[in-house]
Each structure stands twice: as C-alpha cells, then as structure tokens.
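See structure below.
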Amino acid sequence: MTTAKFFVPGPTWVRPEILQEMTRPMIAHRSAEFGELFVRVVTNLKPLFGTTQDTFVAACSGTGILEAALTNCVPRRVLVTTCGAFAERWLAIGQTLGLEVDQLNAGWGNAVDPERLADHLTSRRTHYDAVTLTHNETSTGVTNDVATLARVVHEESPNTLVLVDAVSSLGGIPVQFDEWGLDVCLASVQKGMALPPGITVFAVSARALEQCRKRPYRGTYLDFLNYKKHADEGNVPSTPSIPHFYALARQLDDIIKIETLDARYQRHKAMRDTTIRRTAAYAELAADPDYASATVSALVPNRAPDELRAEMKKRGFTLGGGYGKWKATTLRIGHMGDIQLDDLNAMLDALEEVASA
Ligand code: PLP
C-alpha cells in the first residue's frame with residue numbers, strides 16, 4: 001500500500017485507486033449510465049450527512065456553495081459566527097452580496113460559545129434569516145459543537161435557518177444533518193473525503209427549499225431549486241465533472257461499506273490524539289484543547305514553522321503552513337481523509353528529529 005507523505009489540511013493525499021477512477025472513459029451526462037451513477041452518489045451521500053433529505057453535488061469548490069447558501073436562503077439579515085479565517089469567509093461573502101451581516105466573534109483558537117450565541121439572539125430584537133456556523137475551523141484546528149449551537153438557534157429563533165460549513169469535517173468528524181436540524185450543510189471534497197479538489201457536496205433541508213421558493217433572485221448556476229428539480233429527475237442542471245462522480249461513487253462505497261463511518265471517525269480521533277501527544281515536547285497546540293479538531297492540528301512550534309516545513313520537505317514530507325493572521329507563527333498538520341495512523345507516525349518520527357535538531 002502507498003504511504004501518504006502529504007499532510008496539508010486540504011487538498012489532502014488521494015489514494016491511487018481513487019485517482020484511477022477519474023481516468024474512466026467519458027459517458028454522456030444525459031445518459032441512463034450517468035443517471036445510475038448520479039443516484040448511487042446522492043443516495044450514498046445521505047448517511048455521510050446523516051440525512052434523509054436532499055443531497056447534491058456541484059462543480060465548484062466549497063466557497064461556491066457558501067455564497068450560494070446565502071444567495072438562495074437569505075433575503076436580508078444573517079448572523080455570522082466566527083472563530084478563524086474560514087468562518088470569516090461567510091462574513092466577507094455576506095457583505096459582498098449586500099446583506100445586513102452581524103458578527104459573533106469567538107476569537108481565533110476558540111470555539112463559538114453556545115451561551116454567547118443564545119444571549120446574542122435574545123438581546124437583539126432583529127430577526128435573522130440565517131445563522132452561519134463553521135463546523136471545523138481549518139485555520140485554527142477547532143471543531144465547534146454544531147449540535148448544541150444549532151439547538152440554541154432553534155430554541156431562541158425558531159424561524160432562522162442554520163447554514164453550516166462542514167468543509168474540513170465531513171468524512172472525518174460526524175455530521176448529523178437531520179438530528180441537529182441543519183438547513184444547508186456543505187463540504188468540498190478535498191479534505192475529509194480525500195478526493196482531488198473541484199466539486200462540493202451539500203445537503204439542503206425541505207425548510208430551506210421553502211425559503212428559496214420565496215426568493216426572486218437565487219443566481220443561475222447554483223440555484224438550489226434548479227438543482228432540486230433536476231435531482232428529482234435523476235440528473236444535474238449542467239454538465240457535471242464526470243471524473244469526480246466516478247471517484248466520489250467509489251470513495252463513498254469504500255467509506256460506507258469497507259471502512260465504515262464509525263471506524264473512520266475513530267481513526268481521525270486517534271490521529272488527533274497521536275499528533276497532540278507526540279508533538280507536546282516541542283510544540284503548543286494553538287487551539288482550545290477541549291475543541292481540538294480530529295482532522296487538522298495547528299501548532300506553535302519551538303522553531304520557526306517555515307524552517308521546520310522546509311526541513312520536512314527535504315525528507316519528503318509536506319506539512320501545511322499557518323493561515324491568515326497565524327501564517328508566520330503556526331504550522332498545520334492535516335491528518336484527514338485516507339491518511340492512516342502509520343503514515344502519521346512515520347511523519348511524526350521525522351518531525352521529532354527535525355524539531356530537536
Ligand atoms: N471552509 C473551510 C472550513 C475551509 O477549510 C476551506 C478551505 O480550506 C473553505 C471553506 C473554502 O473551501 P474551498 O477552498 O473548497 O472553496
């Protein structure tokens with residue numbers, strides 16, 4: 001079996017057999033063959049999202065569906081919860097779209113506090129059309145407690161939609177779309193799903209689709225109602241990335257039937273715990289340890305992060321750099337997707353040597 005030496009928190013290492021799937025001959029996307037492939041994919045996405053509602057695939061990176069979620073579902077006001085660079089992306093998009101955007105900022109490295117969210121929702125007299133949550137903040141390595149945060153929104157503001165970025169959690173950290181009462185949840189596939197980048201998978205609740213029906217302008221390419229109309233007919237609105245459909249179909253089969261979701265989540269937790277334990281002598285975890293992510297660790301090492309990364313590169317290992325305002329001070333280890341504990345341990349052996357040199 002090939003060993004992974006690529007530990008960037010997305011895109012992550014891709015198994016050769018998945019890359020192979022992408023070289024299959026083309027089929028027409030209006031053919032019965034593609035229809036079967038489409039149904040297989042959207043059906044197998046449901047257990048991954050923990051939903052019986054609609055799941056979709058779009059040919060864009062995750063940012064496309066962040067924007068589409070706001071365009072499709074938010075007529076006016078949105079509350080954006082932030083705790084790092086990617087959560088802040090919702091903010092920038094909302095402002096660009098001309099929405100009234102409020103921010104609840106937990107600060108980098110922290111998780112969003114459900115009590116502060118409840119206070120915010122009760123103390124404002126304004127109605128929010130939606131609240132955005134970022135399940136796993138990739139810039140800081142923090143996993144938010146989406147189950148509790150979503151429950152707070154439902155209790156304090158029952159008509160507010162819950163829009164969730166699960167870009168670096170889906171496939172590595174459990175997502176329970178129906179149980180948690182989410183309305184839109186999206187993930188690009190180059191992280192916990194371990195596919196090459198280029199498509200985004202997403203789930204949309206019946207309640208969110210109702211909201212979409214009231215919107216006169218939902219965009220064209222990423223109009224959720226158009227996705228729904230075509231999905232009901234077993235297809236997609238425009239030419240899909242067929243190689244990605246092949247790869248995703250294979251990956252979902254492997255995740256669900258061979259590895260199983262529970263084993264996959266346990267493997268990710270074990271990779272997080274191993275990373276924290278084995279780097280403790282020479283690096284501090286940048287995130288609140290109670291919310292440390294199972295898919296990515298942001299570390300403040302005892303040597304300049306860029307020097308460490310350069311030394312690791314000489315040994316054949318690629319690590320992630322810091323992101324945004326933590327760029328110079330942190331390095332990020334992506335331990336997600338199809339990376340195995342043995343791969344991680346081999347990398348951590350080398351990192352230990354480099355850090356103590
Ligand atoms: N959200 C999170 C949590 C991410 O980690 C990223 C990318 O790293 C994005 C959003 C943006 O996703 P994409 O690059 O697929 O547009």
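Residue numbers start at 1 in each chain; chains themselves are named A, B, ... in the order of the structure tokens; ligands are numbered from 1 in the order shown.
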
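With only C-alpha atoms and all ligand atoms counted, the chains near ligand 1 contribute these residues within 7 Å: Gly10, Ser61, Gly62, Thr63, Gly64, Phe86, Ala87, Thr134, Asn136, Glu137, Thr138, Ser139, Asp165, Ala166, Val167, Ser168 and Ser188 of chain A.
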
Residue selection dump (N, CA and C atoms) as a short mmCIF file (atom, residue, chain, number, x, y, z; two decimals), in the first residue's frame:
data_model
loop_
_atom_site.label_atom_id
_atom_site.label_comp_id
_atom_site.auth_asym_id
_atom_site.auth_seq_id
_atom_site.Cartn_x
_atom_site.Cartn_y
_atom_site.Cartn_z
N GLY A 10 -5.79 20.07 3.30
CA GLY A 10 -6.62 20.20 2.12
C GLY A 10 -5.95 21.10 1.09
N SER A 61 -15.71 24.75 -5.96
CA SER A 61 -15.12 24.46 -4.65
C SER A 61 -16.11 24.91 -3.57
N GLY A 62 -15.77 24.67 -2.32
CA GLY A 62 -16.71 24.94 -1.23
C GLY A 62 -17.21 26.37 -1.18
N THR A 63 -16.34 27.30 -1.53
CA THR A 63 -16.71 28.72 -1.47
C THR A 63 -17.94 29.00 -2.35
N GLY A 64 -18.06 28.28 -3.45
CA GLY A 64 -19.22 28.45 -4.32
C GLY A 64 -20.52 28.19 -3.58
N PHE A 86 -11.75 30.90 8.05
CA PHE A 86 -12.78 30.37 7.15
C PHE A 86 -14.18 30.75 7.60
N ALA A 87 -14.39 30.81 8.91
CA ALA A 87 -15.68 31.30 9.40
C ALA A 87 -15.88 32.75 8.95
N THR A 134 -19.42 27.30 11.41
CA THR A 134 -18.32 26.62 10.73
C THR A 134 -17.97 25.42 11.60
N ASN A 136 -15.76 22.91 11.40
CA ASN A 136 -14.35 22.71 11.73
C ASN A 136 -13.55 23.86 11.12
N GLU A 137 -12.97 24.68 11.99
CA GLU A 137 -12.23 25.86 11.53
C GLU A 137 -10.81 25.43 11.17
N THR A 138 -10.55 25.34 9.87
CA THR A 138 -9.29 24.77 9.38
C THR A 138 -8.08 25.66 9.67
N SER A 139 -8.30 26.97 9.84
CA SER A 139 -7.15 27.85 10.09
C SER A 139 -6.60 27.68 11.51
N ASP A 165 -20.87 25.26 7.33
CA ASP A 165 -19.68 24.89 6.57
C ASP A 165 -19.08 23.65 7.22
N ALA A 166 -19.12 22.52 6.50
CA ALA A 166 -18.51 21.28 7.01
C ALA A 166 -17.36 20.87 6.11
N VAL A 167 -16.69 21.89 5.51
CA VAL A 167 -15.66 21.63 4.51
C VAL A 167 -14.57 20.70 5.05
N SER A 168 -14.08 20.98 6.26
CA SER A 168 -12.99 20.12 6.75
C SER A 168 -13.44 19.19 7.87
N SER A 188 -16.50 20.83 0.46
CA SER A 188 -15.72 20.49 -0.73
C SER A 188 -15.05 19.15 -0.43
#

**OP:** Can you pull out every residue within 10 Å of Ile339 of chain A, counting only C-alpha atoms, but drop anything in the same chain fewer than 6 positions away, and send it as a ChimeraX atom specification?
**Re:** /A:3-7,12-15,192,194,267-268,271

Excluding Lys313 of chain A and any residue of its chain fewer than 5 positions from it, enumerate the residues within 12 Å of it, using only C-alpha atoms, and give them as a PDB file with N, CA and C atoms, in the first residue's frame.
ATOM      1  N   LYS A   5       2.570  10.975   2.332  1.00  0.00           N
ATOM      2  CA  LYS A   5       3.594  11.878   2.880  1.00  0.00           C
ATOM      3  C   LYS A   5       3.137  13.326   2.769  1.00  0.00           C
ATOM      4  N   PHE A   6       1.875  13.497   2.470  1.00  0.00           N
ATOM      5  CA  PHE A   6       1.323  14.828   2.200  1.00  0.00           C
ATOM      6  C   PHE A   6       0.325  15.158   3.311  1.00  0.00           C
ATOM      7  N   PHE A   7       0.695  16.097   4.186  1.00  0.00           N
ATOM      8  CA  PHE A   7      -0.109  16.375   5.386  1.00  0.00           C
ATOM      9  C   PHE A   7      -0.651  17.810   5.407  1.00  0.00           C
ATOM     10  N   VAL A   8      -1.001  18.297   4.226  1.00  0.00           N
ATOM     11  CA  VAL A   8      -1.603  19.630   4.116  1.00  0.00           C
ATOM     12  C   VAL A   8      -3.088  19.484   4.495  1.00  0.00           C
ATOM     13  N   ASP A 306       8.286  27.847   9.240  1.00  0.00           N
ATOM     14  CA  ASP A 306       8.721  27.695   7.848  1.00  0.00           C
ATOM     15  C   ASP A 306      10.018  26.898   7.752  1.00  0.00           C
ATOM     16  N   GLU A 307      10.897  27.074   8.748  1.00  0.00           N
ATOM     17  CA  GLU A 307      12.151  26.301   8.758  1.00  0.00           C
ATOM     18  C   GLU A 307      11.841  24.806   8.931  1.00  0.00           C
ATOM     19  N   LEU A 308      10.946  24.525   9.862  1.00  0.00           N
ATOM     20  CA  LEU A 308      10.559  23.124  10.094  1.00  0.00           C
ATOM     21  C   LEU A 308       9.967  22.502   8.841  1.00  0.00           C
ATOM     22  N   THR A 318       5.340  16.833   3.225  1.00  0.00           N
ATOM     23  CA  THR A 318       4.773  18.175   3.051  1.00  0.00           C
ATOM     24  C   THR A 318       3.791  18.451   4.188  1.00  0.00           C
ATOM     25  N   LEU A 319       4.040  19.529   4.934  1.00  0.00           N
ATOM     26  CA  LEU A 319       3.126  19.944   6.009  1.00  0.00           C
ATOM     27  C   LEU A 319       2.450  21.250   5.596  1.00  0.00           C
ATOM     28  N   GLY A 320       1.343  21.573   6.253  1.00  0.00           N
ATOM     29  CA  GLY A 320       0.638  22.809   5.938  1.00  0.00           C
ATOM     30  C   GLY A 320       1.261  23.989   6.672  1.00  0.00           C
ATOM     31  N   MET A 347       5.603  10.284   9.775  1.00  0.00           N
ATOM     32  CA  MET A 347       5.860  11.725   9.629  1.00  0.00           C
ATOM     33  C   MET A 347       6.271  12.318  10.977  1.00  0.00           C
ATOM     34  N   ALA A 350       9.876  11.817  11.904  1.00  0.00           N
ATOM     35  CA  ALA A 350      10.776  12.772  11.220  1.00  0.00           C
ATOM     36  C   ALA A 350      10.655  14.164  11.837  1.00  0.00           C
ATOM     37  N   LEU A 351       9.437  14.575  12.165  1.00  0.00           N
ATOM     38  CA  LEU A 351       9.229  15.914  12.727  1.00  0.00           C
ATOM     39  C   LEU A 351       9.925  16.067  14.077  1.00  0.00           C
ATOM     40  N   VAL A 354      13.579  16.638  13.418  1.00  0.00           N
ATOM     41  CA  VAL A 354      13.822  17.976  12.888  1.00  0.00           C
ATOM     42  C   VAL A 354      13.645  19.034  13.983  1.00  0.00           C
TER      43      VAL A 354
END

Could you please write out, as a CSV table (one decimal) with C-alpha atoms, in the first residue's frame, every residue of segment 182-309 of chain A that DSSP assigns to strand (DSSP E or B)?
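out.csv, written as the output of this step:
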chain,number,residue,atom,x,y,z
A,184,VAL,CA,-27.7,23.8,4.5
A,185,CYS,CA,-24.5,21.9,5.0
A,186,LEU,CA,-21.7,21.8,2.5
A,187,ALA,CA,-18.2,20.3,2.1
A,188,SER,CA,-15.7,20.5,-0.7
A,200,THR,CA,-18.7,20.3,-3.5
A,201,VAL,CA,-21.3,18.1,-1.9
A,202,PHE,CA,-24.2,19.6,0.1
A,203,ALA,CA,-27.4,18.9,1.8
A,204,VAL,CA,-30.4,21.2,1.9
A,283,ALA,CA,5.0,22.5,20.0
A,284,GLU,CA,2.0,24.0,21.7
A,285,LEU,CA,-1.5,23.4,20.4
A,292,ALA,CA,-9.2,20.3,19.2
A,296,VAL,CA,-6.3,19.3,11.5
A,297,SER,CA,-3.9,20.5,14.2
A,298,ALA,CA,-2.5,24.0,14.3
A,299,LEU,CA,0.8,24.0,16.3
A,300,VAL,CA,3.1,26.8,17.6
A,301,PRO,CA,6.5,25.0,17.4

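Residue nearest Thr43 of chain A, chosen from A:Leu182, A:Ala355, A:Ala249, A:Ile333 and counting only C-alpha atoms: A:Ala249.
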
Original post:
Got a sec to tell me which of segment 20-227 of chain A DSSP assigns to helix (DSSP H, G or I), as an NGL selection string?
Top reply: :A and (20-21 or 32-49 or 62-73 or 85-96 or 114-123 or 146-156 or 177-180 or 206-213 or 224-227)

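The two atoms in question, atom CA of Arg24 of chain A and atom CA of Tyr246 of chain A, are spaced 7.8 Å apart.
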
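Within the 10 Å cut-off around Arg213 of chain A, using only C-alpha atoms and omitting residues fewer than 3 positions from it on the same chain, the listed residues are A:Asn72, A:Cys73, A:Ala208, A:Leu209, A:Glu210, A:Pro216, A:Tyr217, A:Arg218, A:Phe224, A:Leu225.
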
With all heavy atoms kept, could you save the residues just selected as an mmCIF file, in the first residue's frame?
data_model
loop_
_atom_site.group_PDB
_atom_site.id
_atom_site.type_symbol
_atom_site.label_atom_id
_atom_site.label_comp_id
_atom_site.auth_asym_id
_atom_site.auth_seq_id
_atom_site.Cartn_x
_atom_site.Cartn_y
_atom_site.Cartn_z
ATOM 1 N N ASN A 72 -29.286 31.891 -2.008
ATOM 2 C CA ASN A 72 -30.547 31.144 -2.110
ATOM 3 C C ASN A 72 -31.461 31.317 -0.903
ATOM 4 O O ASN A 72 -32.678 31.254 -1.037
ATOM 5 C CB ASN A 72 -30.255 29.648 -2.284
ATOM 6 C CG ASN A 72 -29.945 29.267 -3.716
ATOM 7 O OD1 ASN A 72 -30.840 28.914 -4.465
ATOM 8 N ND2 ASN A 72 -28.689 29.376 -4.104
ATOM 9 N N CYS A 73 -30.864 31.476 0.276
ATOM 10 C CA CYS A 73 -31.666 31.336 1.510
ATOM 11 C C CYS A 73 -31.821 32.613 2.332
ATOM 12 O O CYS A 73 -32.617 32.621 3.272
ATOM 13 C CB CYS A 73 -31.037 30.284 2.429
ATOM 14 S SG CYS A 73 -30.885 28.680 1.666
ATOM 15 N N ALA A 208 -35.377 24.871 4.087
ATOM 16 C CA ALA A 208 -34.563 25.836 3.336
ATOM 17 C C ALA A 208 -35.081 25.962 1.899
ATOM 18 O O ALA A 208 -35.116 27.062 1.338
ATOM 19 C CB ALA A 208 -33.100 25.406 3.336
ATOM 20 N N LEU A 209 -35.507 24.844 1.308
ATOM 21 C CA LEU A 209 -36.026 24.913 -0.065
ATOM 22 C C LEU A 209 -37.292 25.771 -0.114
ATOM 23 O O LEU A 209 -37.521 26.502 -1.081
ATOM 24 C CB LEU A 209 -36.290 23.503 -0.615
ATOM 25 C CG LEU A 209 -35.018 22.677 -0.922
ATOM 26 C CD1 LEU A 209 -35.368 21.231 -1.260
ATOM 27 C CD2 LEU A 209 -34.214 23.301 -2.072
ATOM 28 N N GLU A 210 -38.100 25.689 0.951
ATOM 29 C CA GLU A 210 -39.290 26.555 1.047
ATOM 30 C C GLU A 210 -38.875 28.018 1.019
ATOM 31 O O GLU A 210 -39.487 28.850 0.351
ATOM 32 C CB GLU A 210 -40.045 26.293 2.366
ATOM 33 C CG GLU A 210 -41.081 25.193 2.295
ATOM 34 C CD GLU A 210 -41.969 25.338 1.079
ATOM 35 O OE1 GLU A 210 -42.588 26.407 0.901
ATOM 36 O OE2 GLU A 210 -42.022 24.385 0.266
ATOM 37 N N PRO A 216 -36.828 35.908 -5.152
ATOM 38 C CA PRO A 216 -36.950 36.165 -6.599
ATOM 39 C C PRO A 216 -35.633 35.932 -7.336
ATOM 40 O O PRO A 216 -35.606 35.561 -8.496
ATOM 41 C CB PRO A 216 -37.347 37.640 -6.668
ATOM 42 C CG PRO A 216 -36.902 38.228 -5.368
ATOM 43 C CD PRO A 216 -36.916 37.132 -4.340
ATOM 44 N N TYR A 217 -34.488 36.156 -6.645
ATOM 45 C CA TYR A 217 -33.193 36.011 -7.300
ATOM 46 C C TYR A 217 -32.344 35.005 -6.523
ATOM 47 O O TYR A 217 -32.043 35.221 -5.353
ATOM 48 C CB TYR A 217 -32.465 37.365 -7.365
ATOM 49 C CG TYR A 217 -31.041 37.197 -7.837
ATOM 50 C CD1 TYR A 217 -30.773 37.000 -9.194
ATOM 51 C CD2 TYR A 217 -29.979 37.188 -6.935
ATOM 52 C CE1 TYR A 217 -29.464 36.799 -9.631
ATOM 53 C CE2 TYR A 217 -28.669 36.987 -7.371
ATOM 54 C CZ TYR A 217 -28.421 36.797 -8.714
ATOM 55 O OH TYR A 217 -27.147 36.591 -9.142
ATOM 56 N N ARG A 218 -32.017 33.913 -7.149
ATOM 57 C CA ARG A 218 -31.207 32.888 -6.461
ATOM 58 C C ARG A 218 -29.925 32.577 -7.242
ATOM 59 O O ARG A 218 -29.277 31.589 -6.991
ATOM 60 C CB ARG A 218 -32.015 31.591 -6.315
ATOM 61 C CG ARG A 218 -33.280 31.719 -5.496
ATOM 62 C CD ARG A 218 -34.013 30.390 -5.420
ATOM 63 N NE ARG A 218 -34.401 29.935 -6.737
ATOM 64 C CZ ARG A 218 -35.520 30.275 -7.367
ATOM 65 N NH1 ARG A 218 -36.386 31.075 -6.779
ATOM 66 N NH2 ARG A 218 -35.786 29.819 -8.573
ATOM 67 N N PHE A 224 -30.505 26.570 -6.034
ATOM 68 C CA PHE A 224 -30.832 25.309 -5.337
ATOM 69 C C PHE A 224 -32.116 24.672 -5.885
ATOM 70 O O PHE A 224 -32.229 23.443 -5.941
ATOM 71 C CB PHE A 224 -30.995 25.549 -3.829
ATOM 72 C CG PHE A 224 -29.697 25.779 -3.078
ATOM 73 C CD1 PHE A 224 -29.719 26.072 -1.710
ATOM 74 C CD2 PHE A 224 -28.467 25.702 -3.708
ATOM 75 C CE1 PHE A 224 -28.537 26.282 -1.000
ATOM 76 C CE2 PHE A 224 -27.274 25.914 -3.009
ATOM 77 C CZ PHE A 224 -27.315 26.202 -1.655
ATOM 78 N N LEU A 225 -33.079 25.511 -6.271
ATOM 79 C CA LEU A 225 -34.346 24.927 -6.762
ATOM 80 C C LEU A 225 -34.136 24.225 -8.107
ATOM 81 O O LEU A 225 -34.774 23.205 -8.392
ATOM 82 C CB LEU A 225 -35.422 26.004 -6.887
ATOM 83 C CG LEU A 225 -35.935 26.580 -5.565
ATOM 84 C CD1 LEU A 225 -37.110 27.518 -5.819
ATOM 85 C CD2 LEU A 225 -36.344 25.482 -4.578
#

Subject >> Selection near Ala281 of chain A, 10 Å with only C-alpha atoms, sequence-local residues under 4 positions removed, as a ChimeraX atom specification >> reply: /A:276-277,301-302,352,355-356

Export N, CA, C and O atoms of the chosen residues as a PDB file, in the first residue's frame?
ATOM      1  N   ILE A 276      -1.237  15.359  18.981  1.00  0.00           N
ATOM      2  CA  ILE A 276      -1.088  16.235  20.162  1.00  0.00           C
ATOM      3  C   ILE A 276      -0.069  15.627  21.129  1.00  0.00           C
ATOM      4  O   ILE A 276       0.836  16.311  21.617  1.00  0.00           O
ATOM      5  N   ARG A 277      -0.202  14.322  21.364  1.00  0.00           N
ATOM      6  CA  ARG A 277       0.701  13.658  22.330  1.00  0.00           C
ATOM      7  C   ARG A 277       2.147  13.699  21.843  1.00  0.00           C
ATOM      8  O   ARG A 277       3.048  14.044  22.588  1.00  0.00           O
ATOM      9  N   PRO A 301       5.283  25.798  17.094  1.00  0.00           N
ATOM     10  CA  PRO A 301       6.468  25.009  17.447  1.00  0.00           C
ATOM     11  C   PRO A 301       7.583  25.861  18.054  1.00  0.00           C
ATOM     12  O   PRO A 301       7.531  27.083  17.998  1.00  0.00           O
ATOM     13  N   ASN A 302       8.583  25.155  18.580  1.00  0.00           N
ATOM     14  CA  ASN A 302       9.702  25.861  19.227  1.00  0.00           C
ATOM     15  C   ASN A 302      10.684  26.445  18.214  1.00  0.00           C
ATOM     16  O   ASN A 302      11.575  27.194  18.574  1.00  0.00           O
ATOM     17  N   GLU A 352       9.887  14.991  14.840  1.00  0.00           N
ATOM     18  CA  GLU A 352      10.536  14.999  16.151  1.00  0.00           C
ATOM     19  C   GLU A 352      12.046  15.247  15.985  1.00  0.00           C
ATOM     20  O   GLU A 352      12.634  16.069  16.686  1.00  0.00           O
ATOM     21  N   ALA A 355      12.619  18.848  14.807  1.00  0.00           N
ATOM     22  CA  ALA A 355      12.322  19.855  15.851  1.00  0.00           C
ATOM     23  C   ALA A 355      13.393  19.855  16.928  1.00  0.00           C
ATOM     24  O   ALA A 355      13.648  20.885  17.552  1.00  0.00           O
ATOM     25  N   SER A 356      14.029  18.709  17.159  1.00  0.00           N
ATOM     26  CA  SER A 356      15.029  18.658  18.242  1.00  0.00           C
ATOM     27  C   SER A 356      16.448  18.871  17.730  1.00  0.00           C
ATOM     28  O   SER A 356      17.405  18.808  18.486  1.00  0.00           O
TER      29      SER A 356
END

**OP:** Please provide as a VMD selection string all residues within 12 Å of Ala106 of chain A, with the sequence filter that same-chain residues fewer than 2 positions apart are discarded (counting only C-alpha atoms).
**Re:** chain A and resid 80 to 85 87 to 88 103 to 104 108 to 117 133 to 134 137 142 144 288

Same residues, N, CA, C and O atoms, output as a CSV table (one decimal), in the first residue's frame:
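So selection12.csv came out as:
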chain,number,residue,atom,x,y,z
A,80,VAL,N,-23.3,35.9,11.5
A,80,VAL,CA,-22.1,35.0,11.1
A,80,VAL,C,-21.3,34.8,12.4
A,80,VAL,O,-20.9,35.7,13.1
A,81,THR,N,-21.2,33.5,12.8
A,81,THR,CA,-20.4,33.2,14.0
A,81,THR,C,-18.9,33.0,13.5
A,81,THR,O,-18.7,32.2,12.5
A,82,THR,N,-18.0,33.6,14.1
A,82,THR,CA,-16.6,33.4,13.6
A,82,THR,C,-15.6,33.0,14.7
A,82,THR,O,-15.8,33.3,15.9
A,83,CYS,N,-14.6,32.3,14.3
A,83,CYS,CA,-13.5,31.8,15.2
A,83,CYS,C,-12.2,31.6,14.4
A,83,CYS,O,-11.4,30.9,14.9
A,84,GLY,N,-12.1,32.1,13.2
A,84,GLY,CA,-10.9,31.9,12.4
A,84,GLY,C,-11.2,32.4,11.0
A,84,GLY,O,-12.3,32.9,10.7
A,85,ALA,N,-10.2,32.1,10.1
A,85,ALA,CA,-10.3,32.7,8.8
A,85,ALA,C,-11.4,32.2,7.9
A,85,ALA,O,-12.0,32.9,7.1
A,87,ALA,N,-14.4,30.8,8.9
A,87,ALA,CA,-15.7,31.3,9.4
A,87,ALA,C,-15.9,32.7,8.9
A,87,ALA,O,-17.0,33.2,8.6
A,88,GLU,N,-14.8,33.5,8.9
A,88,GLU,CA,-14.9,34.9,8.5
A,88,GLU,C,-15.2,35.0,7.0
A,88,GLU,O,-15.6,36.1,6.5
A,103,GLN,N,-21.8,40.0,13.3
A,103,GLN,CA,-20.8,39.0,13.6
A,103,GLN,C,-20.8,38.7,15.1
A,103,GLN,O,-20.9,39.6,15.9
A,104,LEU,N,-20.7,37.4,15.4
A,104,LEU,CA,-20.5,37.0,16.8
A,104,LEU,C,-19.1,36.3,16.8
A,104,LEU,O,-18.9,35.2,16.2
A,108,TRP,N,-9.9,33.9,17.4
A,108,TRP,CA,-9.1,32.8,16.8
A,108,TRP,C,-8.6,31.8,17.9
A,108,TRP,O,-8.1,32.2,18.9
A,109,GLY,N,-8.8,30.5,17.6
A,109,GLY,CA,-8.4,29.5,18.5
A,109,GLY,C,-9.5,29.0,19.5
A,109,GLY,O,-9.3,28.0,20.1
A,110,ASN,N,-10.5,29.8,19.6
A,110,ASN,CA,-11.6,29.4,20.5
A,110,ASN,C,-12.8,28.8,19.6
A,110,ASN,O,-12.9,29.0,18.4
A,111,ALA,N,-13.6,28.1,20.4
A,111,ALA,CA,-14.9,27.6,19.8
A,111,ALA,C,-16.0,28.6,20.1
A,111,ALA,O,-15.9,29.4,21.0
A,112,VAL,N,-17.0,28.6,19.3
A,112,VAL,CA,-18.1,29.5,19.5
A,112,VAL,C,-18.9,29.0,20.7
A,112,VAL,O,-19.2,27.8,20.8
A,113,ASP,N,-19.2,30.0,21.6
A,113,ASP,CA,-19.8,29.6,22.9
A,113,ASP,C,-21.4,29.6,22.7
A,113,ASP,O,-21.9,30.7,22.4
A,114,PRO,N,-22.0,28.5,23.0
A,114,PRO,CA,-23.5,28.5,22.8
A,114,PRO,C,-24.2,29.5,23.7
A,114,PRO,O,-25.2,30.1,23.2
A,115,GLU,N,-23.7,29.8,24.9
A,115,GLU,CA,-24.4,30.8,25.7
A,115,GLU,C,-24.3,32.1,25.1
A,115,GLU,O,-25.3,32.9,25.2
A,116,ARG,N,-23.1,32.5,24.6
A,116,ARG,CA,-23.0,33.8,24.0
A,116,ARG,C,-23.9,33.9,22.8
A,116,ARG,O,-24.5,35.0,22.5
A,117,LEU,N,-24.1,32.8,22.0
A,117,LEU,CA,-25.0,32.8,20.9
A,117,LEU,C,-26.4,33.0,21.4
A,117,LEU,O,-27.1,33.8,20.8
A,133,LEU,N,-22.6,28.7,10.8
A,133,LEU,CA,-21.7,28.0,11.7
A,133,LEU,C,-20.6,27.4,10.8
A,133,LEU,O,-20.9,27.0,9.7
A,134,THR,N,-19.4,27.3,11.4
A,134,THR,CA,-18.3,26.6,10.7
A,134,THR,C,-18.0,25.4,11.6
A,134,THR,O,-17.5,25.6,12.7
A,137,GLU,N,-13.0,24.7,12.0
A,137,GLU,CA,-12.2,25.9,11.5
A,137,GLU,C,-10.8,25.4,11.2
A,137,GLU,O,-10.0,25.2,12.0
A,142,VAL,N,-10.0,24.0,15.2
A,142,VAL,CA,-11.1,24.0,16.2
A,142,VAL,C,-12.3,23.4,15.7
A,142,VAL,O,-12.7,23.7,14.6
A,144,ASN,N,-16.3,23.2,16.2
A,144,ASN,CA,-17.4,23.8,17.0
A,144,ASN,C,-18.4,22.7,17.3
A,144,ASN,O,-18.6,21.7,16.5
A,288,ASP,N,-8.0,25.8,21.5
A,288,ASP,CA,-8.5,25.3,22.8
A,288,ASP,C,-8.5,23.8,22.8
A,288,ASP,O,-9.2,23.2,21.9

**OP:** Compile the contact shell of Asp349 of chain A as a list in words: residues with an atom at most 10 Å away, counting only C-alpha atoms, same-chain residues fewer than 5 positions apart removed.
**Re:** Arg278, Thr279, Leu344 and Val354 of chain A

Saved selection, atoms kept: N, CA and C atoms, as a compact mmCIF listing (two decimals), in the first residue's frame:
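result_4.txt, freshly written:
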# COMPACT_ATOMS: atom_id res chain seq x y z
N ARG A 278 2.35 13.40 20.57
CA ARG A 278 3.72 13.25 20.08
C ARG A 278 4.41 14.58 19.75
N THR A 279 3.67 15.69 19.73
CA THR A 279 4.32 16.98 19.45
C THR A 279 4.43 17.84 20.71
N LEU A 344 1.00 8.76 9.64
CA LEU A 344 1.15 9.89 10.56
C LEU A 344 2.35 9.67 11.48
N VAL A 354 13.58 16.64 13.42
CA VAL A 354 13.82 17.98 12.89
C VAL A 354 13.64 19.03 13.98

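Checking A:Arg207, A:Pro47, A:Leu261, A:Arg89 one by one against Gly324 of chain A, counting only C-alpha atoms, you find the shortest gap at A:Arg89.
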
**OP:** Name the closest residue to Glu156 of chain A among the candidates A:Gly94, A:Met22, A:Ala346, A:His120; distances are taken between atoms, counting only C-alpha atoms.
**Re:** A:His120

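Counting from atom CA of Thr96 of chain A, the distance to atom CA of Phe177 of chain A is 27.6 Å.
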